[in-house]
Amino acid sequence: MGQVIPFTEFKSYFASTRSDGSVAQGTILDTNILISLTYEVKSNHEEVMAFLMGCLAPVRDQGFRLFTTVNTRSEFLDFNRRLLMTENLRDAIDEGSPWKIPAKAKAHIQYQSGQLKRREQQGGDPVFTDTQIKTIKSTFSAGRFSGNSSWLALCEDFLAGQLDFVEKSLANLGVEYISQHESHQKDFFHRKIDWPDAKRIAEATCLGLADAMIINAFQSSRLPFIVSSDFDIGYAVLATKELKDVVMPDSVARKYREYHFEE
Amino acid sequence: MAEKKISPREFHERMKAARKRPHKPELIEKFNKIVELDDKYEREQQEKKPTKKIAHPPEADL
C-alpha cells in the first residue's frame with residue numbers, strides 16, 4: 001500500500017526517495033494542484049502555492065522534473081476554458097459593459113450566475129459547468145437571424161489563443177508533458193500503460209475512470225510519487241496494495257485519520 | 001542556454017492577468033453589429049405578421 005504524505009512532511013520524505021536509485025527524478029502534478037495554483041478562489045490555493053514555492057520549485061531548479069499526463073493536461077485546459085467563459089460572460093452583462101448582450105441571453109446568464117452563487121456557498125467553484133455553458137450558448141443561437149455568429153464572436157474574443165497561452169505558461173513553469181510515445185521519455189516507464197489496468201484501479205475503490213487513468217499512468221512510471229489534493233486519489237492509494245505514494249495538502253491528508261486501512 | 005523557469009507565483013500572476021485580457025474593440029463592434037441586425041430582423045418579422053381580425057359575432061347584428 002502507498003502512503004499519503006502531507007506537504008509538511010515532504011522534505012524528509014523527498015530526501016528518502018532521492019537515495020533510492022531505482023526511481024526517476026520527477027513527479028506528476030494532478031489537475032486539482034494546477035487549478036489550486038492558478039485559481040486564488042480555491043480554498044487550498046495558499047497551501048498549494050506555499051508547497052510549490054517552498055518545496056517543489058527549489059528541487060525543480062536542481063533537475064527534478066514536473067509532469068502532466070494527457071488527462072491532467074486536458075482537464076486543466078478544460079477548467080481554464082470554462083473559467084474564462086464564466087468570468088467574461090459575467091463581466092459582459094455588467095452595467096457599463098460595451099457588449100450589447102441580447103435580453104434573453106442576459107437573463108440566462110443572470111439566472112446561471114445565481115446558481116453559481118449557491119454552488120459557491122456550498123463550497124463549489126463559481127465556474128459554469130458545460131451544461132450551463134450549453135444552455136447559455138443556445139440563447140445566442142436559436143431563432144436569431146444570424147444563427148450562431150454572435151456566440152462565435154464572443155468565443156473569438158474570450159478564448160482565442162488562451163489555451164496556447166496556458167500551455168506555454170506551464171512550459172515556462174517547467175511543467176512537461178509525459179508520454180510513453182516520446183522516445184526520449186522511455187526510461188521514465190517500467191511497463192506499458194494498459195487500459196485493463198485502469199479499469200482494475202477504478203473497480204478497486206470506485207475511483208472515477210479519469211482519475212484511474214492518471215493513477216495508471218503514474219503506476220506505469222518510475223516516478224516515486226504523485227502530487228494531488230483529490231481525496232479519492234489518496235483513498236485509492238491507501239486502500240490498494242500495489243499503488244505508490246501520493247503527496248497531499250495537510251488539510252486533505254488529515255481526513256484519512258478517520259479511516260482504517262489494512263497495512 | 002535553457003530558458004529560465006518562472007516561479008509558481010509568477011505563473012499564478014500570468015494566469016490571473018490572462019483572465020483580465022482586454023477585449024478587442026473590433027470584436028465588440030462585430031458582436032454588437034450582429035445583435036443589432038438580429039433585433040432589426042425580428043422587428044421586421046413582427047411587422048410583417050398579419051393582424052388578427054376579431055370575428056364579428058352574429059348576435060351583434062340582432
# chains A, B, ... in the order shown; residues from 1 in each chain; ligands from 1
>>> interface_residues(of="chain B", to="chain A", cutoff="10 Å", atoms="only C-alpha atoms", output="PyMOL selection string")
chain B and resi 3-16+18-42
>>> residues_around(residues="A:Leu243", least_positions_apart="5", cutoff="7 Å", atoms="only C-alpha atoms", output="NGL selection string")
:A and (1-2 or 219 or 237)
>>> atom_distance(atom1="atom CA of A:Glu242", atom2="atom CA of A:Ile201")
9.8 Å
>>> select_by_dssp(residues="stretch 106-249 of chain A", states="alpha helix (DSSP H)", output="PyMOL selection string")
chain A and resi 106-121+130-141+149-159+162-173+195-205+209-220+231-239
>>> atom_distance(atom1="atom CA of A:Phe7", atom2="atom CA of A:Pro249")
5.2 Å
>>> atom_distance(atom1="atom CA of A:Ile178", atom2="atom CA of A:Thr69")
5.5 Å
>>> select_by_dssp(residues="stretch 66-205 of chain A", states="strand (DSSP E or B)", output="mmCIF file with C-alpha atoms, in the first residue's frame")
data_model
loop_
_atom_site.group_PDB
_atom_site.id
_atom_site.type_symbol
_atom_site.label_atom_id
_atom_site.label_comp_id
_atom_site.auth_asym_id
_atom_site.auth_seq_id
_atom_site.Cartn_x
_atom_site.Cartn_y
_atom_site.Cartn_z
ATOM 1 C CA LEU A 66 7.389 18.130 -13.071
ATOM 2 C CA PHE A 67 4.923 16.433 -15.392
ATOM 3 C CA THR A 68 1.333 16.431 -16.552
ATOM 4 C CA VAL A 175 5.906 21.500 -16.289
ATOM 5 C CA GLU A 176 6.408 18.978 -19.081
ATOM 6 C CA TYR A 177 4.058 16.553 -20.789
ATOM 7 C CA PHE A 189 8.345 3.942 -17.556
#
